[in-house]
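Have a look at target_31.txt below; it lists compact mmCIF, C-alpha atoms and all ligand atoms.
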# COMPACT_ATOMS: atom_id res chain seq x y z
CA MET A 290 6.65 -22.25 6.85
CA GLY A 291 3.69 -21.16 4.76
CA GLN A 292 0.11 -21.68 5.82
CA THR A 293 -3.29 -21.84 4.18
CA ILE A 294 -5.38 -18.82 5.13
CA LEU A 295 -9.14 -19.07 4.72
CA VAL A 296 -10.43 -15.54 4.02
CA THR A 297 -14.21 -15.11 4.11
CA GLY A 298 -15.76 -12.19 2.21
CA GLY A 299 -12.74 -12.16 -0.11
CA ALA A 300 -14.78 -10.83 -3.03
CA GLY A 301 -15.84 -7.72 -1.08
CA PHE A 302 -14.05 -4.42 -0.57
CA ILE A 303 -11.69 -5.18 2.32
CA GLY A 304 -11.59 -8.93 1.58
CA SER A 305 -10.38 -8.49 -2.01
CA ASN A 306 -7.72 -6.02 -0.87
CA LEU A 307 -6.71 -8.49 1.85
CA VAL A 308 -6.46 -11.43 -0.56
CA ARG A 309 -4.32 -9.30 -2.88
CA TYR A 310 -2.21 -8.11 0.09
CA ILE A 311 -1.55 -11.68 1.27
CA LEU A 312 -0.69 -12.96 -2.22
CA GLU A 313 1.69 -10.04 -2.79
CA HIS A 314 3.31 -9.80 0.66
CA ARG A 315 3.28 -13.35 2.03
CA PRO A 316 4.76 -15.51 -0.75
CA ASP A 317 4.73 -18.71 1.33
CA ASP A 318 1.01 -18.53 2.16
CA ARG A 319 -1.99 -19.82 0.18
CA VAL A 320 -5.45 -18.25 0.25
CA ILE A 321 -8.81 -19.98 0.14
CA ASN A 322 -11.22 -17.18 -0.70
CA LEU A 323 -14.72 -18.11 0.50
CA ASP A 324 -17.54 -15.80 -0.52
CA GLY A 325 -21.28 -16.09 -1.10
CA LEU A 326 -21.17 -13.43 -3.85
CA THR A 327 -24.02 -11.24 -2.66
CA TYR A 328 -24.61 -7.96 -4.50
CA ALA A 329 -21.48 -6.67 -2.70
CA GLY A 330 -19.15 -9.50 -3.76
CA ASN A 331 -17.44 -9.23 -7.13
CA LEU A 332 -14.69 -11.48 -8.43
CA GLU A 333 -13.79 -8.79 -10.95
CA SER A 334 -12.02 -7.11 -8.01
CA LEU A 335 -9.46 -9.94 -8.13
CA ALA A 336 -9.39 -10.46 -11.89
CA GLU A 337 -5.58 -10.62 -12.07
CA PHE A 338 -5.48 -13.54 -9.59
CA VAL A 339 -7.97 -15.89 -11.27
CA ASP A 340 -5.20 -18.24 -12.44
CA GLU A 341 -2.91 -17.73 -9.43
CA PRO A 342 -2.14 -21.21 -7.99
CA ARG A 343 -1.94 -19.84 -4.42
CA HIS A 344 -5.50 -18.47 -4.70
CA GLU A 345 -8.54 -20.77 -4.64
CA PHE A 346 -12.04 -19.29 -4.80
CA VAL A 347 -14.93 -21.18 -3.21
CA HIS A 348 -18.52 -20.01 -3.70
CA CYS A 349 -20.12 -20.69 -0.32
CA ASP A 350 -22.56 -19.12 2.11
CA ILE A 351 -21.14 -18.85 5.65
CA ASN A 352 -24.48 -20.11 6.98
CA ASP A 353 -23.97 -23.43 5.14
CA GLY A 354 -22.30 -25.48 7.90
CA ALA A 355 -22.05 -28.69 5.84
CA LYS A 356 -20.17 -26.96 3.04
CA LEU A 357 -17.97 -25.11 5.55
CA ASP A 358 -17.00 -28.52 6.96
CA GLU A 359 -15.75 -29.58 3.52
CA ILE A 360 -13.55 -26.49 3.17
CA MET A 361 -12.33 -25.89 6.71
CA PRO A 362 -10.00 -28.96 6.90
CA LYS A 363 -7.89 -27.46 4.09
CA ALA A 364 -7.18 -24.31 6.14
CA ASP A 365 -4.69 -23.62 8.94
CA VAL A 366 -6.11 -20.24 10.02
CA VAL A 367 -9.20 -18.13 9.31
CA LEU A 368 -9.72 -14.40 8.67
CA HIS A 369 -13.48 -13.89 8.92
CA LEU A 370 -14.73 -10.81 7.08
CA ALA A 371 -17.89 -11.98 5.26
CA ALA A 372 -20.79 -9.84 6.40
CA GLU A 373 -23.63 -7.62 5.38
CA SER A 374 -21.84 -4.30 5.75
CA HIS A 375 -24.07 -1.36 4.83
CA VAL A 376 -25.68 0.50 7.75
CA ASP A 377 -28.48 1.95 5.60
CA ARG A 378 -29.52 -1.50 4.40
CA SER A 379 -29.53 -2.74 8.01
CA ILE A 380 -32.02 0.03 8.87
CA HIS A 381 -34.30 -1.20 6.08
CA ASP A 382 -33.89 -4.95 6.77
CA PRO A 383 -32.24 -5.94 10.06
CA SER A 384 -33.04 -9.67 9.77
CA LEU A 385 -30.55 -10.42 6.99
CA PHE A 386 -27.85 -8.68 9.04
CA LEU A 387 -28.55 -10.74 12.16
CA ASN A 388 -28.63 -13.95 10.14
CA THR A 389 -25.37 -13.35 8.26
CA ASN A 390 -23.35 -11.46 10.83
CA ILE A 391 -24.35 -13.35 13.98
CA ILE A 392 -25.62 -16.82 12.93
CA GLY A 393 -23.17 -16.95 10.03
CA THR A 394 -20.31 -16.14 12.40
CA GLN A 395 -21.51 -18.87 14.75
CA CYS A 396 -21.46 -21.35 11.81
CA MET A 397 -17.90 -20.26 11.00
CA LEU A 398 -16.77 -20.60 14.60
CA ASP A 399 -18.42 -24.03 15.01
CA SER A 400 -16.78 -25.36 11.86
CA ALA A 401 -13.41 -23.86 12.85
CA LYS A 402 -13.75 -25.55 16.27
CA ARG A 403 -14.59 -28.93 14.74
CA HIS A 404 -11.52 -28.73 12.51
CA ASN A 405 -9.04 -27.42 15.07
CA ILE A 406 -8.26 -24.18 13.24
CA LYS A 407 -5.01 -22.81 14.73
CA ARG A 408 -6.12 -19.16 14.85
CA PHE A 409 -9.37 -17.37 13.94
CA VAL A 410 -9.51 -13.60 13.51
CA TYR A 411 -12.93 -11.94 13.56
CA VAL A 412 -12.92 -8.61 11.70
CA SER A 413 -15.21 -6.43 13.78
CA THR A 414 -15.74 -2.66 13.66
CA ASP A 415 -15.42 0.47 15.80
CA GLU A 416 -19.21 0.79 15.49
CA VAL A 417 -19.56 -1.78 18.31
CA TYR A 418 -18.67 1.06 20.73
CA GLY A 419 -21.59 3.30 19.75
CA GLU A 420 -20.80 6.98 19.36
CA LEU A 421 -18.73 9.76 20.93
CA PRO A 422 -19.82 13.38 21.48
CA LEU A 423 -18.76 16.02 18.94
CA ASP A 424 -17.79 18.59 21.57
CA ASP A 425 -15.09 16.65 23.47
CA LYS A 426 -12.27 15.60 21.15
CA SER A 427 -10.30 14.13 24.06
CA GLN A 428 -12.65 11.12 24.11
CA LEU A 429 -11.56 8.10 22.04
CA PHE A 430 -12.70 4.48 21.84
CA THR A 431 -10.30 2.14 23.63
CA GLU A 432 -10.59 -1.64 23.80
CA SER A 433 -12.15 -1.29 27.26
CA THR A 434 -14.86 1.19 26.17
CA PRO A 435 -18.20 -0.53 26.88
CA LEU A 436 -19.86 -1.95 23.77
CA ALA A 437 -23.02 0.07 23.01
CA PRO A 438 -23.94 -0.46 19.33
CA ASN A 439 -26.63 1.82 17.92
CA SER A 440 -27.62 0.59 14.44
CA PRO A 441 -28.90 -2.88 13.50
CA TYR A 442 -25.61 -3.33 11.58
CA ALA A 443 -23.54 -2.43 14.64
CA VAL A 444 -25.62 -4.75 16.83
CA SER A 445 -25.11 -7.62 14.39
CA LYS A 446 -21.34 -7.03 14.34
CA THR A 447 -21.30 -6.83 18.14
CA GLY A 448 -23.08 -10.20 18.26
CA GLY A 449 -20.33 -11.75 16.13
CA ASP A 450 -17.65 -9.98 18.17
CA MET A 451 -19.09 -11.30 21.45
CA LEU A 452 -19.48 -14.82 20.02
CA ALA A 453 -15.82 -14.82 18.99
CA ARG A 454 -14.89 -13.75 22.52
CA ALA A 455 -17.12 -16.46 24.00
CA TYR A 456 -15.62 -19.23 21.81
CA HIS A 457 -12.19 -18.29 23.16
CA HIS A 458 -13.41 -18.15 26.75
CA THR A 459 -15.60 -21.26 26.61
CA TYR A 460 -13.79 -23.60 24.23
CA GLY A 461 -10.26 -22.23 24.48
CA MET A 462 -10.11 -21.41 20.77
CA ASN A 463 -7.26 -19.15 19.65
CA ILE A 464 -9.26 -16.11 18.60
CA GLY A 465 -8.33 -12.52 17.74
CA ILE A 466 -10.71 -9.61 17.21
CA THR A 467 -10.04 -6.40 15.25
CA ARG A 468 -12.14 -3.24 15.59
CA CYS A 469 -11.36 -0.85 12.77
CA SER A 470 -12.59 2.58 11.75
CA ASN A 471 -13.94 3.55 8.30
CA ASN A 472 -11.86 2.23 5.41
CA PHE A 473 -11.22 3.94 2.10
CA GLY A 474 -9.38 2.76 -1.02
CA PRO A 475 -9.92 0.90 -4.28
CA TYR A 476 -12.69 -1.67 -4.92
CA GLN A 477 -15.17 -0.27 -2.38
CA PHE A 478 -18.75 -0.99 -3.40
CA PRO A 479 -20.25 2.24 -4.80
CA GLU A 480 -23.07 2.43 -2.24
CA LYS A 481 -20.53 3.73 0.33
CA VAL A 482 -19.89 7.44 0.63
CA ILE A 483 -16.53 7.90 -1.14
CA PRO A 484 -17.14 5.84 -4.30
CA LEU A 485 -20.81 6.91 -4.43
CA PHE A 486 -19.95 10.60 -4.27
CA VAL A 487 -17.05 10.31 -6.71
CA ASN A 488 -19.19 8.44 -9.24
CA ASN A 489 -22.02 10.96 -8.85
CA LEU A 490 -19.66 13.90 -9.30
CA ILE A 491 -18.05 12.33 -12.36
CA GLU A 492 -21.52 11.74 -13.82
CA GLY A 493 -22.58 15.35 -13.07
CA LYS A 494 -25.07 14.33 -10.33
CA LYS A 495 -25.52 15.90 -6.90
CA VAL A 496 -24.22 14.14 -3.78
CA PRO A 497 -26.75 13.37 -0.99
CA LEU A 498 -25.26 14.58 2.30
CA TYR A 499 -27.01 13.43 5.46
CA GLY A 500 -28.26 16.21 7.78
CA ASP A 501 -25.79 19.03 8.40
CA GLY A 502 -22.77 16.83 7.64
CA ARG A 503 -21.14 17.43 11.03
CA ASN A 504 -20.86 13.69 11.83
CA ILE A 505 -17.24 12.63 12.19
CA ARG A 506 -15.56 9.43 11.02
CA ASP A 507 -11.93 8.29 11.33
CA TRP A 508 -10.61 7.22 7.91
CA LEU A 509 -8.00 4.51 7.35
CA HIS A 510 -6.59 3.22 4.05
CA VAL A 511 -7.79 -0.32 3.41
CA LEU A 512 -4.22 -1.64 2.96
CA ASP A 513 -3.24 -0.29 6.40
CA HIS A 514 -6.21 -2.27 7.72
CA CYS A 515 -5.06 -5.40 5.82
CA GLU A 516 -1.58 -5.10 7.30
CA ALA A 517 -3.07 -4.73 10.80
CA ILE A 518 -5.26 -7.81 10.34
CA CYS A 519 -2.16 -9.82 9.39
CA ARG A 520 -0.30 -8.52 12.48
CA VAL A 521 -3.19 -9.62 14.69
CA LEU A 522 -3.24 -12.99 12.92
CA ASP A 523 0.49 -13.54 13.44
CA ASP A 524 1.20 -11.96 16.81
CA GLY A 525 -2.04 -10.95 18.55
CA LYS A 526 -2.67 -12.43 21.97
CA PRO A 527 -5.37 -15.15 22.11
CA GLY A 528 -8.74 -13.76 23.18
CA GLU A 529 -7.71 -10.11 22.75
CA ALA A 530 -9.37 -7.34 20.74
CA TYR A 531 -7.30 -4.68 18.94
CA ASN A 532 -8.52 -1.24 17.86
CA ILE A 533 -7.30 -0.09 14.43
CA GLY A 534 -7.58 3.54 13.34
CA GLY A 535 -6.05 6.16 11.09
CA ASN A 536 -5.91 9.11 13.50
CA ASN A 537 -7.63 10.88 10.64
CA GLU A 538 -10.93 12.36 11.87
CA ARG A 539 -13.00 14.22 9.28
CA SER A 540 -16.57 15.50 9.26
CA ASN A 541 -18.75 14.25 6.42
CA LEU A 542 -19.01 17.84 5.20
CA GLU A 543 -15.21 18.21 5.12
CA LEU A 544 -14.90 14.92 3.22
CA THR A 545 -17.62 15.98 0.77
CA LYS A 546 -15.89 19.31 0.06
CA MET A 547 -12.59 17.52 -0.56
CA LEU A 548 -14.24 15.10 -3.00
CA ILE A 549 -16.00 17.96 -4.80
CA ASP A 550 -12.66 19.72 -5.17
CA LEU A 551 -10.86 16.59 -6.40
CA CYS A 552 -13.61 16.02 -8.99
CA GLY A 553 -13.55 19.62 -10.24
CA ARG A 554 -17.10 20.48 -9.12
CA ASP A 555 -18.45 23.14 -6.72
CA GLU A 556 -20.67 23.19 -3.63
CA THR A 557 -23.88 23.53 -5.65
CA PHE A 558 -23.43 19.77 -6.11
CA ILE A 559 -24.25 19.17 -2.40
CA GLU A 560 -27.84 18.12 -1.73
CA HIS A 561 -28.66 18.07 1.98
CA VAL A 562 -31.02 15.14 2.61
CA PRO A 563 -32.81 14.09 5.84
CA ASP A 564 -30.41 12.57 8.33
CA ARG A 565 -29.91 8.81 8.65
CA LEU A 566 -32.07 7.37 11.45
CA GLY A 567 -30.04 7.14 14.66
CA HIS A 568 -26.96 8.57 12.90
CA ASP A 569 -23.91 8.20 15.19
CA MET A 570 -22.17 11.56 15.74
CA ARG A 571 -18.52 10.67 16.05
CA TYR A 572 -16.18 7.67 15.90
CA ALA A 573 -12.55 8.04 17.00
CA ILE A 574 -10.05 5.32 17.76
CA ASP A 575 -7.25 4.99 20.29
CA ALA A 576 -4.92 2.52 18.53
CA THR A 577 -2.20 2.58 21.21
CA LYS A 578 -2.54 -1.11 22.01
CA ILE A 579 -1.84 -2.45 18.50
CA ARG A 580 1.00 0.08 18.13
CA ASP A 581 2.67 -0.84 21.42
CA GLU A 582 2.06 -4.60 21.36
CA LEU A 583 2.29 -5.41 17.64
CA GLY A 584 4.28 -2.47 16.24
CA TRP A 585 1.54 -1.48 13.75
CA GLU A 586 1.02 2.08 12.57
CA PRO A 587 -0.79 3.40 9.50
CA THR A 588 1.62 4.33 6.69
CA ARG A 589 -0.74 4.76 3.71
CA SER A 590 -3.60 6.79 5.17
CA ALA A 591 -2.37 10.42 5.16
CA TRP A 592 -4.74 12.89 3.48
CA PRO A 593 -4.93 14.62 1.08
CA GLN A 594 -2.53 12.38 -0.88
CA ALA A 595 -4.15 9.03 -0.04
CA LEU A 596 -7.63 10.40 -0.75
CA GLU A 597 -6.45 11.89 -4.05
CA GLU A 598 -5.04 8.51 -5.11
CA THR A 599 -8.29 6.79 -4.19
CA VAL A 600 -10.38 9.29 -6.17
CA GLN A 601 -8.02 8.81 -9.12
CA TRP A 602 -8.53 5.03 -8.88
CA TYR A 603 -12.30 5.46 -9.22
CA LYS A 604 -11.81 7.86 -12.14
CA ASP A 605 -9.55 5.27 -13.82
CA ASN A 606 -11.89 2.33 -13.13
CA LEU A 607 -15.32 3.52 -14.26
CA GLU A 608 -15.87 0.17 -15.94
CA TRP A 609 -15.46 -1.69 -12.63
CA SER A 610 -17.98 0.63 -10.94
CA ASP A 611 -20.40 0.18 -13.81
CA HIS A 612 -20.15 -3.64 -13.74
CA VAL A 613 -20.69 -3.99 -9.98
CA ARG A 614 -23.73 -1.69 -9.92
CA THR A 615 -26.21 -4.48 -10.55
CA GLY A 616 -30.00 -4.38 -10.78
CA GLU A 617 -30.31 -5.06 -7.05
CA TYR A 618 -28.02 -2.12 -6.29
CA ARG A 619 -29.95 0.19 -8.60
CA ARG A 620 -33.32 -0.80 -7.07
CA PHE A 621 -32.09 -0.01 -3.55
CA MET A 622 -30.54 3.29 -4.60
CA ASP A 623 -33.68 4.36 -6.46
CA GLN A 624 -35.83 3.69 -3.42
CA ASN A 625 -33.59 5.27 -0.78
CA TYR A 626 -31.18 8.10 -0.38
CA THR A 627 -28.20 6.18 0.89
CA ASN A 628 -24.67 7.35 1.23
CA GLN A 629 -22.58 6.27 4.15
CA GLY A 630 -20.71 3.16 5.28
N1 LIG B 1 -15.76 -1.05 5.23
C1 LIG B 1 -15.36 -0.58 6.41
O1 LIG B 1 -15.09 0.61 6.54
C2 LIG B 1 -15.24 -1.52 7.58
C3 LIG B 1 -14.67 -1.03 8.77
C4 LIG B 1 -14.51 -1.92 9.86
C5 LIG B 1 -14.91 -3.24 9.72
N2 LIG B 1 -15.47 -3.68 8.57
C6 LIG B 1 -15.85 -5.10 8.47
O2 LIG B 1 -15.02 -5.68 7.49
C7 LIG B 1 -15.71 -6.73 6.81
C8 LIG B 1 -15.68 -6.48 5.31
O3 LIG B 1 -16.32 -5.23 5.04
P1 LIG B 1 -16.42 -4.67 3.55
O4 LIG B 1 -16.58 -3.21 3.63
O5 LIG B 1 -15.35 -5.26 2.72
O6 LIG B 1 -17.84 -5.31 3.10
P2 LIG B 1 -18.38 -5.66 1.66
O7 LIG B 1 -19.87 -5.53 1.77
O8 LIG B 1 -17.67 -4.90 0.61
O9 LIG B 1 -18.01 -7.21 1.46
C9 LIG B 1 -18.66 -8.23 2.16
C10 LIG B 1 -18.41 -9.54 1.46
O10 LIG B 1 -19.05 -10.58 2.22
C11 LIG B 1 -19.73 -11.44 1.33
N3 LIG B 1 -20.86 -12.05 2.03
C12 LIG B 1 -21.95 -11.41 2.54
N4 LIG B 1 -22.79 -12.31 3.07
C13 LIG B 1 -22.22 -13.54 2.92
C14 LIG B 1 -22.59 -14.85 3.28
N5 LIG B 1 -23.75 -15.10 3.90
N6 LIG B 1 -21.75 -15.87 2.99
C15 LIG B 1 -20.58 -15.63 2.35
N7 LIG B 1 -20.18 -14.40 1.98
C16 LIG B 1 -20.99 -13.36 2.26
C17 LIG B 1 -20.18 -10.55 0.18
O11 LIG B 1 -20.43 -11.31 -1.01
C18 LIG B 1 -19.00 -9.60 0.04
O12 LIG B 1 -18.04 -10.11 -0.86
C19 LIG B 1 -17.11 -6.77 7.39
O13 LIG B 1 -17.16 -7.77 8.36
C20 LIG B 1 -17.28 -5.39 8.01
O14 LIG B 1 -18.17 -5.42 9.09
C21 LIG B 1 -15.65 -2.85 7.49
Would you mind writing the file's structure down as structure tokens?
Amino acid sequence: MGQTILVTGGAGFIGSNLVRYILEHRPDDRVINLDGLTYAGNLESLAEFVDEPRHEFVHCDINDGAKLDEIMPKADVVLHLAAESHVDRSIHDPSLFLNTNIIGTQCMLDSAKRHNIKRFVYVSTDEVYGELPLDDKSQLFTESTPLAPNSPYAVSKTGGDMLARAYHHTYGMNIGITRCSNNFGPYQFPEKVIPLFVNNLIEGKKVPLYGDGRNIRDWLHVLDHCEAICRVLDDGKPGEAYNIGGNNERSNLELTKMLIDLCGRDETFIEHVPDRLGHDMRYAIDATKIRDELGWEPTRSAWPQALEETVQWYKDNLEWSDHVRTGEYRRFMDQNYTNQG
């Protein structure tokens, strides 16, 4: 039997891919797409689903409890993604991050509790674990790694993550938590490293690489993440967190060189800029639990092919990038060298 899935942040990068994924792969389900349409939310990312009867968009701030209470009764389950998501912005203005990512999550959980939501999945991040050393590749984040977030963004996500855990423990709510590594794919806001660098390279501009570029991230295709979120929704154990990763560790320098190559430029296009404050060295995920318990494995994330397809998408969708780069985006970019998610 189909259900109504309330997706928050459905006009953002992962959210819009998730809404599309649900509409295409779960024909019995309906989606209520709730988004506050900040600078990072763009309905153009879902243009082909505007008239889709199984897709209803609601313009709403997750901190607006009264409005949430009007929408929540229509939903069976919740996938909560809405958040301020850019680490650099959190370094410039932590307060917005705490308000949206912690208090906003509390508002979502309270409304979901009042309306007896059957299952609530909080989309967290691997950044809650802090960082790993560069020189010992045997170390990976597992679900029992202590949480030790380093940036204001990571702290705000950890607050939401811990609240979700507490609402399960205290009120018995059926909650799942996902902790995923860096996503890549279409419709990512062009402040994040891959679309920013591709757009710069297409436009003949240099790419600002933080520090020496040795920092390592694990990259996962956004649709592999969407599939994992749905597995956790359907079959995850109440109260449990699941790591999600691509087993695809790359240094920022390696990524930059690949993007330069795919865009037909050379290394003179790299501009080394001062490192991000508190820049985490390495993230790497042990995704054994979700593989063994829920049978999930990435199938779309293998590089170079998946990266090539993503770069091609940005080359083919210059108009989308141009439309979403609003005045607010341009002001922030002019004032700060910013490049990583
Ligand atoms: N991008 C990644 O690599 C990654 C990895 C792991 C986890 N995550 C998590 O996944 C979620 C989505 O990330 P993303 O990269 O798609 O972010 P994004 O910035 O592209 O999208 C965020 C969306 O949330 C909406 N939003 C922000 N504040 C809101 C508010 N107060 N009320 C309602 N809507 C609001 C925005 O309008 C936007 O549509 C976030 O919770 C993020 O922490 C992201």
Review point. Please, what distance in Å, to one decimal, runs between CA of Thr327 in chain A and atom C9 of ligand LIG 1 (chain B)?
Key: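 Going from CA of Thr327 in chain A over to atom C9 of ligand LIG 1 (chain B) covers 7.8 Å.
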Padded axis-aligned box of range 541-549 of chain A (5 Å per side), centre and edge lengths, Å, one decimal, as AutoDock Vina command-line options:
--center_x -15.8 --center_y 16.8 --center_z 0.8 --size_x 16.4 --size_y 15.1 --size_z 21.2
Each residue of range 460-577 of chain A lying at most 9 Å from range 412-416 of chain A should get a row with its shortest atom-to-atom pair and the distance in Å to one decimal, counting only C-alpha atoms; could you produce that, ordered by chain and increasing number, as JSON lines?
{"residue": "A:Gly465", "atom": "CA", "partner": "A:Val412", "partner_atom": "CA", "distance": 8.5}
{"residue": "A:Ile466", "atom": "CA", "partner": "A:Val412", "partner_atom": "CA", "distance": 6.0}
{"residue": "A:Thr467", "atom": "CA", "partner": "A:Val412", "partner_atom": "CA", "distance": 5.1}
{"residue": "A:Arg468", "atom": "CA", "partner": "A:Thr414", "partner_atom": "CA", "distance": 4.1}
{"residue": "A:Cys469", "atom": "CA", "partner": "A:Thr414", "partner_atom": "CA", "distance": 4.8}
{"residue": "A:Ser470", "atom": "CA", "partner": "A:Asp415", "partner_atom": "CA", "distance": 5.4}
{"residue": "A:Asn471", "atom": "CA", "partner": "A:Asp415", "partner_atom": "CA", "distance": 8.2}
{"residue": "A:Ile518", "atom": "CA", "partner": "A:Val412", "partner_atom": "CA", "distance": 7.8}
{"residue": "A:Asn532", "atom": "CA", "partner": "A:Asp415", "partner_atom": "CA", "distance": 7.4}
{"residue": "A:Ile533", "atom": "CA", "partner": "A:Asp415", "partner_atom": "CA", "distance": 8.3}
{"residue": "A:Gly534", "atom": "CA", "partner": "A:Asp415", "partner_atom": "CA", "distance": 8.8}
{"residue": "A:Asp569", "atom": "CA", "partner": "A:Glu416", "partner_atom": "CA", "distance": 8.8}
{"residue": "A:Tyr572", "atom": "CA", "partner": "A:Asp415", "partner_atom": "CA", "distance": 7.2}
{"residue": "A:Ala573", "atom": "CA", "partner": "A:Asp415", "partner_atom": "CA", "distance": 8.2}
{"residue": "A:Ile574", "atom": "CA", "partner": "A:Asp415", "partner_atom": "CA", "distance": 7.5}
Review point. From the set A:Leu312, A:Leu323, A:Cys396, A:Ile579, which residue has the shortest atom-to-atom contact distance to ligand LIG 1 (chain B), counting all atoms listed in the file?
Key: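 Selected residue with least distance to ligand LIG 1 (chain B): A:Leu323.
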Practice item. Fewer than 6 positions away in the same chain doesn't count, so skip those; otherwise give me all residues within 9 Å of Trp585 in chain A, counting all atoms listed in the file, as a PyMOL selection string. Key: chain A and resi 513+516-517+520+533+576+579
At a cut-off of 6 Å around ligand LIG 1 (chain B), and using all atoms listed in the file, what residues come up? Please write them as a JSON list (two decimals) with C-alpha atoms, in the coordinates of the input.
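out.json was written with the following content:
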[["chain", "number", "residue", "atom", "x", "y", "z"],
["A", 298, "GLY", "CA", -15.76, -12.19, 2.21],
["A", 299, "GLY", "CA", -12.74, -12.16, -0.11],
["A", 300, "ALA", "CA", -14.78, -10.83, -3.03],
["A", 301, "GLY", "CA", -15.84, -7.72, -1.08],
["A", 302, "PHE", "CA", -14.05, -4.42, -0.57],
["A", 303, "ILE", "CA", -11.69, -5.18, 2.32],
["A", 304, "GLY", "CA", -11.59, -8.93, 1.58],
["A", 324, "ASP", "CA", -17.54, -15.80, -0.52],
["A", 325, "GLY", "CA", -21.28, -16.09, -1.10],
["A", 326, "LEU", "CA", -21.17, -13.43, -3.85],
["A", 327, "THR", "CA", -24.02, -11.24, -2.66],
["A", 329, "ALA", "CA", -21.48, -6.67, -2.70],
["A", 330, "GLY", "CA", -19.15, -9.50, -3.76],
["A", 349, "CYS", "CA", -20.12, -20.69, -0.32],
["A", 350, "ASP", "CA", -22.56, -19.12, 2.11],
["A", 351, "ILE", "CA", -21.14, -18.85, 5.65],
["A", 352, "ASN", "CA", -24.48, -20.11, 6.98],
["A", 370, "LEU", "CA", -14.73, -10.81, 7.08],
["A", 371, "ALA", "CA", -17.89, -11.98, 5.26],
["A", 372, "ALA", "CA", -20.79, -9.84, 6.40],
["A", 373, "GLU", "CA", -23.63, -7.62, 5.38],
["A", 374, "SER", "CA", -21.84, -4.30, 5.75],
["A", 389, "THR", "CA", -25.37, -13.35, 8.26],
["A", 412, "VAL", "CA", -12.92, -8.61, 11.70],
["A", 413, "SER", "CA", -15.21, -6.43, 13.78],
["A", 414, "THR", "CA", -15.74, -2.66, 13.66],
["A", 469, "CYS", "CA", -11.36, -0.85, 12.77],
["A", 470, "SER", "CA", -12.59, 2.58, 11.75],
["A", 471, "ASN", "CA", -13.94, 3.55, 8.30],
["A", 472, "ASN", "CA", -11.86, 2.23, 5.41],
["A", 478, "PHE", "CA", -18.75, -0.99, -3.40]]
Exercise for review: Please indicate the distance in Å from CA of Thr615 in chain A to CA of Glu480 in chain A, rounded to one decimal place.
Suggested key: 11.3 Å
**Study point:** Long-range neighbours of His375 in chain A as a PyMOL selection string, 12 Å cut-off, all atoms listed in the file, 2 positions minimum in chain
**Key:** chain A and resi 301-302+328-329+372-373+377-383+385-386+390+416+440-443+445-446+471+477-482+618+621+627-630
Filtering to C-alpha atoms, could you give me those residues as an mmCIF file, keeping the file's coordinate frame?
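This is the output file again03.cif:
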data_model
loop_
_atom_site.group_PDB
_atom_site.id
_atom_site.type_symbol
_atom_site.label_atom_id
_atom_site.label_comp_id
_atom_site.auth_asym_id
_atom_site.auth_seq_id
_atom_site.Cartn_x
_atom_site.Cartn_y
_atom_site.Cartn_z
ATOM 1 C CA GLY A 301 -15.840 -7.720 -1.080
ATOM 2 C CA PHE A 302 -14.050 -4.420 -0.570
ATOM 3 C CA TYR A 328 -24.610 -7.960 -4.500
ATOM 4 C CA ALA A 329 -21.480 -6.670 -2.700
ATOM 5 C CA ALA A 372 -20.790 -9.840 6.400
ATOM 6 C CA GLU A 373 -23.630 -7.620 5.380
ATOM 7 C CA ASP A 377 -28.480 1.950 5.600
ATOM 8 C CA ARG A 378 -29.520 -1.500 4.400
ATOM 9 C CA SER A 379 -29.530 -2.740 8.010
ATOM 10 C CA ILE A 380 -32.020 0.030 8.870
ATOM 11 C CA HIS A 381 -34.300 -1.200 6.080
ATOM 12 C CA ASP A 382 -33.890 -4.950 6.770
ATOM 13 C CA PRO A 383 -32.240 -5.940 10.060
ATOM 14 C CA LEU A 385 -30.550 -10.420 6.990
ATOM 15 C CA PHE A 386 -27.850 -8.680 9.040
ATOM 16 C CA ASN A 390 -23.350 -11.460 10.830
ATOM 17 C CA GLU A 416 -19.210 0.790 15.490
ATOM 18 C CA SER A 440 -27.620 0.590 14.440
ATOM 19 C CA PRO A 441 -28.900 -2.880 13.500
ATOM 20 C CA TYR A 442 -25.610 -3.330 11.580
ATOM 21 C CA ALA A 443 -23.540 -2.430 14.640
ATOM 22 C CA SER A 445 -25.110 -7.620 14.390
ATOM 23 C CA LYS A 446 -21.340 -7.030 14.340
ATOM 24 C CA ASN A 471 -13.940 3.550 8.300
ATOM 25 C CA GLN A 477 -15.170 -0.270 -2.380
ATOM 26 C CA PHE A 478 -18.750 -0.990 -3.400
ATOM 27 C CA PRO A 479 -20.250 2.240 -4.800
ATOM 28 C CA GLU A 480 -23.070 2.430 -2.240
ATOM 29 C CA LYS A 481 -20.530 3.730 0.330
ATOM 30 C CA VAL A 482 -19.890 7.440 0.630
ATOM 31 C CA TYR A 618 -28.020 -2.120 -6.290
ATOM 32 C CA PHE A 621 -32.090 -0.010 -3.550
ATOM 33 C CA THR A 627 -28.200 6.180 0.890
ATOM 34 C CA ASN A 628 -24.670 7.350 1.230
ATOM 35 C CA GLN A 629 -22.580 6.270 4.150
ATOM 36 C CA GLY A 630 -20.710 3.160 5.280
#
Could I get the residues of range 481-536 of chain A with an atom no further than 9 Å from an atom of range 601-605 of chain A, each paired with its nearest atom pair and that distance in Å to one decimal, using only C-alpha atoms, sorted by chain and residue number, as CSV?
residue,atom,partner,partner_atom,distance
A:Pro484,CA,A:Tyr603,CA,6.9
A:Val487,CA,A:Tyr603,CA,7.2
A:Asn488,CA,A:Tyr603,CA,7.5
A:Ile491,CA,A:Lys604,CA,7.7
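With CA of Gly584 in chain A on one side and CA of Cys515 in chain A on the other, the separation reads 14.3 Å.
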